[in-house]
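Text of coords-v4.pdb, listed as PDB, C-alpha atoms:
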```pdb
MODEL        1
ATOM      1  CA  MET Y   1     157.979 107.624 121.695
ATOM      2  CA  GLN Y   2     154.742 106.822 119.863
ATOM      3  CA  ASP Y   3     152.877 106.830 123.180
ATOM      4  CA  LEU Y   4     154.270 110.283 123.959
ATOM      5  CA  ARG Y   5     153.177 111.595 120.566
ATOM      6  CA  ALA Y   6     149.695 110.127 121.059
ATOM      7  CA  CYS Y   7     149.437 111.753 124.475
ATOM      8  CA  ALA Y   8     150.565 115.051 122.995
ATOM      9  CA  ARG Y   9     147.895 114.830 120.306
ATOM     10  CA  VAL Y  10     145.238 114.027 122.915
ATOM     11  CA  GLY Y  11     146.427 116.937 125.039
ATOM     12  CA  SER Y  12     146.256 119.294 122.080
ATOM     13  CA  ALA Y  13     142.754 118.090 121.229
ATOM     14  CA  ARG Y  14     141.629 118.644 124.825
ATOM     15  CA  ALA Y  15     143.091 122.134 124.819
ATOM     16  CA  ALA Y  16     141.266 122.922 121.584
ATOM     17  CA  LEU Y  17     137.975 121.646 123.005
ATOM     18  CA  ILE Y  18     138.438 123.706 126.161
ATOM     19  CA  ALA Y  19     139.168 126.809 124.065
ATOM     20  CA  ILE Y  20     136.044 126.231 121.969
ATOM     21  CA  ALA Y  21     133.977 125.781 125.122
ATOM     22  CA  LEU Y  22     135.318 129.007 126.572
ATOM     23  CA  ILE Y  23     134.627 130.913 123.362
ATOM     24  CA  SER Y  24     131.108 129.471 123.194
ATOM     25  CA  GLY Y  25     130.484 130.436 126.790
ATOM     26  CA  SER Y  26     131.625 133.975 126.089
ATOM     27  CA  ALA Y  27     129.342 134.156 123.064
ATOM     28  CA  CYS Y  28     126.403 132.961 125.135
ATOM     29  CA  GLY Y  29     127.202 135.541 127.757
ATOM     30  CA  ALA Y  30     127.367 138.262 125.119
ATOM     31  CA  GLY Y  31     123.991 137.156 123.749
ATOM     32  CA  SER Y  32     122.345 137.377 127.152
ATOM     33  CA  ALA Y  33     123.937 140.788 127.747
ATOM     34  CA  THR Y  34     122.189 142.149 124.647
ATOM     35  CA  ASP Y  35     118.782 140.728 125.526
ATOM     36  CA  VAL Y  36     116.453 143.714 125.963
ATOM     37  CA  SER Y  37     113.231 141.777 125.389
ATOM     38  CA  GLY Y  38     110.400 141.964 127.889
ATOM     39  CA  THR Y  39     107.416 144.071 128.921
ATOM     40  CA  TYR Y  40     108.230 147.503 130.328
ATOM     41  CA  TRP Y  41     106.251 150.236 132.072
ATOM     42  CA  ALA Y  42     107.223 153.780 132.995
ATOM     43  CA  THR Y  43     106.868 154.931 136.593
ATOM     44  CA  GLU Y  44     106.434 158.619 135.741
ATOM     45  CA  TYR Y  45     104.932 160.744 132.980
ATOM     46  CA  HIS Y  46     105.684 164.268 131.761
ATOM     47  CA  ALA Y  47     103.537 166.090 129.191
ATOM     48  CA  ASN Y  48     106.533 168.351 128.467
ATOM     49  CA  ILE Y  49     109.541 166.461 127.236
ATOM     50  CA  GLN Y  50     112.444 166.713 129.701
ATOM     51  CA  VAL Y  51     115.725 167.825 128.095
ATOM     52  CA  VAL Y  52     118.834 166.091 129.439
ATOM     53  CA  GLY Y  53     120.785 168.710 131.352
ATOM     54  CA  GLY Y  54     117.670 170.793 132.004
ATOM     55  CA  GLY Y  55     116.489 173.986 130.399
ATOM     56  CA  GLU Y  56     114.099 174.779 127.586
ATOM     57  CA  LEU Y  57     113.913 173.223 124.155
ATOM     58  CA  PRO Y  58     116.657 174.787 121.958
ATOM     59  CA  LEU Y  59     114.220 176.065 119.346
ATOM     60  CA  THR Y  60     115.134 178.178 116.337
ATOM     61  CA  ALA Y  61     112.972 181.198 115.459
ATOM     62  CA  GLU Y  62     111.011 178.981 113.046
ATOM     63  CA  GLY Y  63     110.662 176.341 115.734
ATOM     64  CA  LYS Y  64     109.368 178.844 118.285
ATOM     65  CA  ALA Y  65     106.772 180.105 115.816
ATOM     66  CA  ALA Y  66     105.628 176.552 115.023
ATOM     67  CA  TYR Y  67     105.426 175.686 118.731
ATOM     68  CA  ALA Y  68     103.340 178.788 119.482
ATOM     69  CA  THR Y  69     100.989 177.934 116.614
ATOM     70  CA  ASN Y  70     100.598 174.341 117.826
ATOM     71  CA  MET Y  71      99.929 175.307 121.443
ATOM     72  CA  ALA Y  72      97.356 177.941 120.481
ATOM     73  CA  GLY Y  73      95.664 175.581 118.024
ATOM     74  CA  LEU Y  74      95.474 172.719 120.508
ATOM     75  CA  GLN Y  75      93.937 175.076 123.057
ATOM     76  CA  ASP Y  76      91.270 176.602 120.789
ATOM     77  CA  GLY Y  77      90.578 173.396 118.849
ATOM     78  CA  SER Y  78      91.794 174.602 115.456
ATOM     79  CA  ILE Y  79      94.544 171.931 115.614
ATOM     80  CA  VAL Y  80      93.573 168.354 116.474
ATOM     81  CA  ASP Y  81      95.829 166.023 118.422
ATOM     82  CA  ARG Y  82      95.271 163.149 116.016
ATOM     83  CA  ALA Y  83      97.098 160.666 118.250
ATOM     84  CA  ARG Y  84      94.495 161.113 120.974
ATOM     85  CA  THR Y  85      91.466 161.769 118.758
ATOM     86  CA  TYR Y  86      91.970 159.156 116.059
ATOM     87  CA  CYS Y  87      94.501 156.810 117.681
ATOM     88  CA  THR Y  88      97.220 157.485 115.106
ATOM     89  CA  ALA Y  89     100.773 156.737 116.239
ATOM     90  CA  ASP Y  90     102.478 159.278 118.503
ATOM     91  CA  GLY Y  91     105.776 159.266 116.629
ATOM     92  CA  LEU Y  92     109.163 159.841 118.241
ATOM     93  CA  PRO Y  93     110.051 160.838 120.853
ATOM     94  CA  ARG Y  94     106.499 161.314 122.170
ATOM     95  CA  SER Y  95     105.786 157.574 122.111
ATOM     96  CA  LEU Y  96     108.697 157.019 124.516
ATOM     97  CA  ALA Y  97     106.889 159.071 127.170
ATOM     98  CA  THR Y  98     103.889 156.719 127.158
ATOM     99  CA  PRO Y  99     102.336 155.979 130.569
ATOM    100  CA  TYR Y 100     101.137 152.640 129.161
ATOM    101  CA  PRO Y 101     103.202 149.446 129.031
ATOM    102  CA  PHE Y 102     104.974 148.220 125.911
ATOM    103  CA  GLU Y 103     106.764 145.043 124.888
ATOM    104  CA  ILE Y 104     110.079 144.498 123.093
ATOM    105  CA  ILE Y 105     110.187 141.314 121.021
ATOM    106  CA  GLN Y 106     113.567 140.203 119.660
ATOM    107  CA  ALA Y 107     112.170 137.929 116.945
ATOM    108  CA  PRO Y 108     112.178 136.759 114.232
ATOM    109  CA  PRO Y 109     115.902 136.980 113.389
ATOM    110  CA  GLY Y 110     116.832 140.223 111.669
ATOM    111  CA  GLN Y 111     114.354 142.473 113.418
ATOM    112  CA  ILE Y 112     113.143 143.794 116.754
ATOM    113  CA  LEU Y 113     109.504 144.710 117.325
ATOM    114  CA  ILE Y 114     108.377 147.290 119.880
ATOM    115  CA  VAL Y 115     104.666 146.827 120.561
ATOM    116  CA  HIS Y 116     102.904 149.623 122.453
ATOM    117  CA  GLU Y 117      99.594 149.211 124.215
ATOM    118  CA  LEU Y 118      98.788 152.894 123.581
ATOM    119  CA  ASN Y 119      97.194 153.251 120.126
ATOM    120  CA  HIS Y 120      98.445 149.730 119.283
ATOM    121  CA  MET Y 121     101.639 151.259 117.917
ATOM    122  CA  ILE Y 122     104.151 148.839 116.403
ATOM    123  CA  ARG Y 123     107.716 149.850 115.613
ATOM    124  CA  ARG Y 124     109.825 147.539 113.479
ATOM    125  CA  VAL Y 125     113.570 147.923 113.902
ATOM    126  CA  ALA Y 126     115.441 146.254 111.040
ATOM    127  CA  MET Y 127     118.679 144.712 112.310
ATOM    128  CA  ASP Y 128     119.999 143.575 108.932
ATOM    129  CA  GLU Y 129     119.370 146.585 106.685
ATOM    130  CA  PRO Y 130     121.039 149.969 106.138
ATOM    131  CA  LEU Y 131     119.105 153.152 106.928
ATOM    132  CA  PRO Y 132     117.732 154.648 103.685
ATOM    133  CA  SER Y 133     118.532 158.271 102.898
ATOM    134  CA  TYR Y 134     116.147 161.150 103.549
ATOM    135  CA  GLU Y 135     115.581 161.459  99.799
ATOM    136  CA  GLU Y 136     114.518 157.821  99.589
ATOM    137  CA  LEU Y 137     112.091 158.122 102.519
ATOM    138  CA  VAL Y 138     110.551 161.548 101.981
ATOM    139  CA  THR Y 139     107.841 160.092  99.706
ATOM    140  CA  VAL Y 140     106.965 157.225 102.109
ATOM    141  CA  PRO Y 141     107.000 158.764 105.604
ATOM    142  CA  TYR Y 142     105.755 156.819 108.629
ATOM    143  CA  PHE Y 143     104.311 158.175 111.869
ATOM    144  CA  ASN Y 144     107.093 156.414 113.782
ATOM    145  CA  GLY Y 145     109.642 156.730 110.985
ATOM    146  CA  HIS Y 146     111.809 154.012 109.456
ATOM    147  CA  SER Y 147     114.188 152.422 111.975
ATOM    148  CA  VAL Y 148     117.334 150.320 111.748
ATOM    149  CA  GLY Y 149     119.374 149.028 114.665
ATOM    150  CA  ARG Y 150     122.594 147.404 115.760
ATOM    151  CA  PHE Y 151     124.137 146.310 119.027
ATOM    152  CA  GLU Y 152     127.178 148.077 120.431
ATOM    153  CA  GLY Y 153     128.118 145.859 123.351
ATOM    154  CA  ASP Y 154     125.085 145.744 125.634
ATOM    155  CA  THR Y 155     123.440 148.777 123.990
ATOM    156  CA  LEU Y 156     120.856 148.661 121.216
ATOM    157  CA  VAL Y 157     121.442 151.651 118.929
ATOM    158  CA  VAL Y 158     118.402 152.581 116.824
ATOM    159  CA  GLN Y 159     118.535 155.223 114.088
ATOM    160  CA  THR Y 160     115.292 156.544 112.624
ATOM    161  CA  ARG Y 161     114.330 158.967 109.864
ATOM    162  CA  GLY Y 162     111.479 159.364 107.395
ATOM    163  CA  PHE Y 163     108.830 160.804 109.754
ATOM    164  CA  LYS Y 164     105.476 162.359 108.963
ATOM    165  CA  ASP Y 165     105.616 165.983 110.098
ATOM    166  CA  GLU Y 166     102.078 165.924 111.528
ATOM    167  CA  THR Y 167     103.065 164.385 114.895
ATOM    168  CA  PHE Y 168     104.372 166.255 117.932
ATOM    169  CA  ILE Y 169     107.578 165.901 119.927
ATOM    170  CA  ASP Y 170     105.496 165.813 123.116
ATOM    171  CA  ALA Y 171     101.938 166.217 124.400
ATOM    172  CA  THR Y 172     102.207 170.032 124.499
ATOM    173  CA  GLY Y 173     102.682 170.333 120.735
ATOM    174  CA  ALA Y 174     106.462 170.740 120.493
ATOM    175  CA  PRO Y 175     107.108 170.639 116.731
ATOM    176  CA  HIS Y 176     109.359 168.849 114.289
ATOM    177  CA  THR Y 177     109.847 168.819 110.531
ATOM    178  CA  ASP Y 178     109.984 165.879 108.145
ATOM    179  CA  MET Y 179     113.782 166.144 108.370
ATOM    180  CA  LEU Y 180     113.735 164.889 111.965
ATOM    181  CA  GLU Y 181     116.301 162.179 112.664
ATOM    182  CA  THR Y 182     116.661 160.342 115.969
ATOM    183  CA  THR Y 183     119.252 158.066 117.524
ATOM    184  CA  GLU Y 184     118.277 155.941 120.504
ATOM    185  CA  ARG Y 185     120.653 154.139 122.840
ATOM    186  CA  ILE Y 186     118.669 151.464 124.663
ATOM    187  CA  ARG Y 187     120.191 149.328 127.427
ATOM    188  CA  ARG Y 188     119.408 147.622 130.676
ATOM    189  CA  ILE Y 189     120.841 149.626 133.558
ATOM    190  CA  SER Y 190     119.860 147.015 136.148
ATOM    191  CA  ALA Y 191     118.138 143.654 136.288
ATOM    192  CA  THR Y 192     114.747 145.402 136.317
ATOM    193  CA  GLN Y 193     115.307 148.727 134.520
ATOM    194  CA  LEU Y 194     115.610 149.749 130.873
ATOM    195  CA  GLU Y 195     117.042 153.095 129.749
ATOM    196  CA  ASP Y 196     116.369 154.820 126.416
ATOM    197  CA  VAL Y 197     118.392 157.968 125.673
ATOM    198  CA  ILE Y 198     117.223 159.600 122.449
ATOM    199  CA  THR Y 199     119.085 162.264 120.489
ATOM    200  CA  ILE Y 200     117.000 164.672 118.402
ATOM    201  CA  HIS Y 201     118.411 166.134 115.178
ATOM    202  CA  ASP Y 202     116.162 168.613 113.334
ATOM    203  CA  PRO Y 203     118.185 171.681 112.322
ATOM    204  CA  GLU Y 204     115.266 173.667 110.896
ATOM    205  CA  TYR Y 205     113.440 173.793 114.239
ATOM    206  CA  TYR Y 206     116.281 173.255 116.759
ATOM    207  CA  THR Y 207     119.529 175.158 117.130
ATOM    208  CA  ARG Y 208     121.452 172.048 118.213
ATOM    209  CA  ASP Y 209     121.050 168.333 118.762
ATOM    210  CA  TRP Y 210     119.553 167.569 122.170
ATOM    211  CA  GLN Y 211     118.647 164.519 124.238
ATOM    212  CA  ALA Y 212     115.849 163.142 126.391
ATOM    213  CA  ARG Y 213     116.121 160.167 128.744
ATOM    214  CA  PHE Y 214     113.437 157.637 129.641
ATOM    215  CA  VAL Y 215     113.633 154.835 132.213
ATOM    216  CA  TYR Y 216     111.206 151.919 132.410
ATOM    217  CA  THR Y 217     110.647 149.079 134.852
ATOM    218  CA  LEU Y 218     110.644 145.481 133.643
ATOM    219  CA  ARG Y 219     107.115 144.133 134.198
ATOM    220  CA  ASN Y 220     106.845 140.633 132.800
ATOM    221  CA  ASP Y 221     103.822 140.150 135.063
ATOM    222  CA  VAL Y 222     101.915 142.599 132.823
ATOM    223  CA  ARG Y 223     100.235 141.695 129.528
ATOM    224  CA  ILE Y 224      99.638 144.166 126.701
ATOM    225  CA  ASP Y 225      95.911 144.914 126.706
ATOM    226  CA  ASP Y 226      93.373 146.123 124.164
ATOM    227  CA  TYR Y 227      93.190 149.867 123.505
ATOM    228  CA  ILE Y 228      90.364 151.816 121.846
ATOM    229  CA  CYS Y 229      90.209 155.608 121.664
ATOM    230  CA  GLY Y 230      87.544 157.135 123.890
ATOM    231  CA  PHE Y 231      87.156 154.137 126.190
ATOM    232  CA  GLU Y 232      88.485 153.539 129.680
ATOM    233  CA  HIS Y 233      91.655 151.500 129.854
ATOM    234  CA  ARG Y 234      93.951 150.145 132.511
ATOM    235  CA  ASP Y 235      94.614 151.807 135.853
ATOM    236  CA  LEU Y 236      97.498 154.286 135.534
ATOM    237  CA  SER Y 237      97.438 155.440 139.153
ATOM    238  CA  LEU Y 238     100.929 154.027 139.778
ATOM    239  CA  VAL Y 239     102.424 156.246 137.063
ATOM    240  CA  ALA Y 240     103.353 159.565 138.675
ATOM    241  CA  GLY Y 241     102.337 162.638 136.697
ATOM    242  CA  VAL Y 242      99.310 161.150 134.914
ATOM    243  CA  ARG Y 243      96.411 163.559 135.112
ATOM    244  CA  ARG Y 244      93.386 162.062 136.806
ATOM    245  CA  PRO Y 245      89.917 162.607 135.223
TER     246      PRO Y 245
ENDMDL
END
```

Now, as a test, write the supplied structure out as structure tokens.
Amino acid sequence: MQDLRACARVGSARAALIAIALISGSACGAGSATDVSGTYWATEYHANIQVVGGGELPLTAEGKAAYATNMAGLQDGSIVDRARTYCTADGLPRSLATPYPFEIIQAPPGQILIVHELNHMIRRVAMDEPLPSYEELVTVPYFNGHSVGRFEGDTLVVQTRGFKDETFIDATGAPHTDMLETTERIRRISATQLEDVITIHDPEYYTRDWQARFVYTLRNDVRIDDYICGFEHRDLSLVAGVRRP
């Protein structure tokens, strides 16, 4: 009888160890599924941001007036595109349309860094902090806003607010206010592709929330290079839509 009880205890211990191993394996699998780190590069570029579903930007009357002012000013020189003249950060979502490579670094614990070659932009996504309110951020705006993130399955969800209102939505001068809020859903859609779908919320300039989608190719053979305004940089001939000098 004692032998039987001993065998039963051994069997139970083995079952527990197997269960722990299975749980650990699942956890490891989940960790790898949420790994979005790497160097990425777009294969196409659009100066005008492309709205998911097609059509024009859903601008309010105030938004249309601001857009017309920006386009006219950029054309006659009365408004300066500071991101291209002084290498300030592009802000969101314009930075997502970059024809230059960027790197996602999932370290140290508690944050994700997105390092852009263009203008040496660095976005810090806090993974262990709540997103401050608009009232808390309005006195300390950033070009790229303040971002916090979390994983929902294999998707990195990034919420951002607290933007400077002197950046543009895209290279044509599409406007936004300092009340802009964005939500990005970033995930790998294949072994070599990363998708970023961004939702724009800015009720003063847009009649509804709208989305843009960007897809990048994993390029771990590429290294982020130096970037200085006014100087030649890497060859962008493989990125469709980039205007040649």

Per-residue nearest contacts of region 44-122 of chain Y to region 227-239 of chain Y (10 Å; all atoms listed in the file) as a Markdown table:
```
| residue | atom | partner | partner_atom | distance |
| --- | --- | --- | --- | --- |
| Y:Glu44 | CA | Y:Val239 | CA | 4.8 |
| Y:Tyr45 | CA | Y:Val239 | CA | 6.6 |
| Y:Ala83 | CA | Y:Cys229 | CA | 9.2 |
| Y:Arg84 | CA | Y:Cys229 | CA | 7.0 |
| Y:Thr85 | CA | Y:Cys229 | CA | 6.9 |
| Y:Tyr86 | CA | Y:Cys229 | CA | 6.9 |
| Y:Cys87 | CA | Y:Cys229 | CA | 6.0 |
| Y:Thr88 | CA | Y:Cys229 | CA | 9.8 |
| Y:Pro99 | CA | Y:Val239 | CA | 6.5 |
| Y:Tyr100 | CA | Y:Leu236 | CA | 7.5 |
| Y:Pro101 | CA | Y:Arg234 | CA | 9.9 |
| Y:His116 | CA | Y:Tyr227 | CA | 9.8 |
| Y:Glu117 | CA | Y:Tyr227 | CA | 6.5 |
| Y:Leu118 | CA | Y:Tyr227 | CA | 6.4 |
| Y:Asn119 | CA | Y:Tyr227 | CA | 6.2 |
| Y:His120 | CA | Y:Tyr227 | CA | 6.7 |
```

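With all atoms listed in the file as the atoms that count, the minimum distance from Val222 (chain Y) to the choices Y:Ala97, Y:Thr183, Y:Ala171, Y:Trp41 is reached by Y:Trp41.
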
I'd like the box whose edges run along x, y and z of the file and which contains every listed atom of region 155-169 of chain Y, padded by 6 Å per side; could you state its centre and edge lengths in Å, one decimal, as lines of an AutoDock Vina configuration file?
```
center_x = 112.8
center_y = 157.5
center_z = 115.7
size_x = 33.4
size_y = 29.6
size_z = 28.6
```

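The space separating CA of Asn220 (chain Y) from CA of Ile104 (chain Y) comes to 10.9 Å.
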
- Message: Here's the selection I'm unsure about, the PyMOL selection byres ((chain Y and resi 80) around 12); applied to the file above, which residues does it give, as a list of chain:residue names?
- Response: Y:Asn70, Y:Met71, Y:Ala72, Y:Gly73, Y:Leu74, Y:Gln75, Y:Asp76, Y:Gly77, Y:Ser78, Y:Ile79, Y:Asp81, Y:Arg82, Y:Ala83, Y:Arg84, Y:Thr85, Y:Tyr86, Y:Cys87, Y:Thr88, Y:Glu166, Y:Thr167, Y:Phe168, Y:Ala171, Y:Thr172, Y:Gly173

- Message: When the PyMOL selection byres ((chain Y and resi 131) around 9) is applied to the structure above, which residues does it catch, written out as a PyMOL selection string?
- Response: chain Y and resi 126+129-130+132-133+146-149+159-161

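Interatomic distance, CA of Asp35 (chain Y) to CA of Gly241 (chain Y): 29.6 Å.
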
- Task: Evaluate the PyMOL selection byres ((chain Y and resi 64) around 12) and record the selected residues as a ChimeraX atom specification, following the chain and residue labels used in the document.
- Result: /Y:56-63,65-71,173-176,204-207

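When CA of Arg187 (chain Y) is paired with CA of Val36 (chain Y), their separation reads 6.9 Å.
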
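Of the residues under consideration (Y:Val51, Y:Val158, Y:Leu113, Y:Val197), Y:Leu113 shows the shortest atom-to-atom contact distance to Thr39 (chain Y) when counting all atoms listed in the file.
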
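In terms of minimum interatomic distance to Asp202 (chain Y), Y:Ile169 ranks closest within Y:Met127, Y:Ile49, Y:Ile169, Y:Ala107, counting only C-alpha atoms.
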